[in-house]
Amino acid sequence: MKITVNERRVQVAPEIREYADKKISKLDRFFRNESEAQITFSLERGRYIAEVTLTSNGLVFRVTEATSDMHASIDSAVAAIERQIRKHKTRLAKRLRDGVFEHEAAPSVTGGDEEDTAEEPEFKIVRSKAFPIKPMTPEEAILQMNLLEHEFYVFKNQNHEDTFSVVYKRKHGDYGMIESL
């Protein structure tokens, strides 16, 4: 497992880094392929925050824990992310299709030129992300969206010849889907 450590507004001792590496490395047993983990340590209002983001085969698991001790934050984050992995791995295996954790993610899709955004000064892009778009069913996309706690999720709809689709959470708790033609 490839582990990246970031620090925000706090200097973390090497012992804490080693402790976090040891704890996060144990999560590698849940995945057959190489996975990546990003740990971000920060300090806000006297509380130590450990944010763990784990990526494997296009699936992303993210947890943020804040306590008065960095070791406790790491322990809580690892326990929470392990619960997420078990819960969603079991749910996907039962409800959707076999081998969902074994397939490789599709290559990253990026589009547009930077020149296009420079021509329209009234629109300002403050953040840009690139990520692999994996073919999946709408049910898988909703599970992934809920796992990330996002309001929408972009995916290739394998039920409709890999067209691009977006699932989103509606105000009353239901879900909607937008499909490309």
# chains A, B, ... in the order shown; residues from 1 in each chain; ligands from 1
$ select_by_dssp --residues "chain A" --states "strand (DSSP E or B)" --output "VMD selection string"
chain A and resid 2 to 8 36 to 44 47 to 56 59 to 67 108 132 135 to 136 152 to 157 163 to 169 175 to 179
$ closest_atom_pairs --of "stretch 63-91 of chain A" --to "stretch 8-21 of chain A" --cutoff "8 Å" --atoms "only C-alpha atoms" --output "CSV"
residue,atom,partner,partner_atom,distance
A:Met70,CA,A:Ile16,CA,7.7
A:His71,CA,A:Ile16,CA,7.2
A:Ile74,CA,A:Ala20,CA,6.4
$ closest_residue --among "A:Glu44, A:Lys169, A:Asn57, A:His88" --to "A:Phe131" --atoms "only C-alpha atoms"
A:Asn57
$ residues_around --residues "A:Met177" --least-positions-apart "4" --cutoff "7 Å" --atoms "only C-alpha atoms" --output "compact mmCIF listing (two decimals) with C-alpha atoms, in the first residue's frame"
# COMPACT_ATOMS: atom_id res chain seq x y z
CA SER A 165 -24.32 9.53 -16.24
CA VAL A 166 -24.70 11.47 -13.01
CA VAL A 167 -26.62 10.32 -9.95
CA TYR A 168 -27.57 12.90 -7.36
$ residues_around --residues "A:Gly46" --least-positions-apart "5" --cutoff "10 Å" --atoms "only C-alpha atoms" --output "list in words"
Ala66, Thr67, Ser68 and Asp69 of chain A
$ select_by_dssp --residues "stretch 133-175 of chain A" --states "helix (DSSP H, G or I)" --output "ChimeraX atom specification"
/A:138-148,158-160
$ write_last_selection --atoms "C-alpha atoms" --output "PDB file, in the first residue's frame"
ATOM      1  CA  PRO A 138     -26.547   3.261 -11.067  1.00  0.00           C
ATOM      2  CA  GLU A 139     -26.917   1.340  -7.788  1.00  0.00           C
ATOM      3  CA  GLU A 140     -23.130   1.068  -7.442  1.00  0.00           C
ATOM      4  CA  ALA A 141     -22.802   4.787  -8.203  1.00  0.00           C
ATOM      5  CA  ILE A 142     -25.341   5.665  -5.479  1.00  0.00           C
ATOM      6  CA  LEU A 143     -23.449   3.496  -2.984  1.00  0.00           C
ATOM      7  CA  GLN A 144     -20.173   5.177  -3.930  1.00  0.00           C
ATOM      8  CA  MET A 145     -21.762   8.646  -3.706  1.00  0.00           C
ATOM      9  CA  ASN A 146     -23.106   7.862  -0.224  1.00  0.00           C
ATOM     10  CA  LEU A 147     -19.747   6.432   0.789  1.00  0.00           C
ATOM     11  CA  LEU A 148     -18.028   9.695  -0.156  1.00  0.00           C
ATOM     12  CA  GLN A 158     -22.730  -0.043 -17.889  1.00  0.00           C
ATOM     13  CA  ASN A 159     -26.488  -0.645 -18.350  1.00  0.00           C
ATOM     14  CA  HIS A 160     -26.562   1.825 -21.261  1.00  0.00           C
TER      15      HIS A 160
END
$ atom_distance --atom1 "atom CA of A:Lys2" --atom2 "atom CA of A:Ser25"
8.7 Å
$ closest_residue --among "A:Ser42, A:Ser180, A:Ser35, A:Ser76" --to "A:Phe61" --atoms "only C-alpha atoms"
A:Ser35
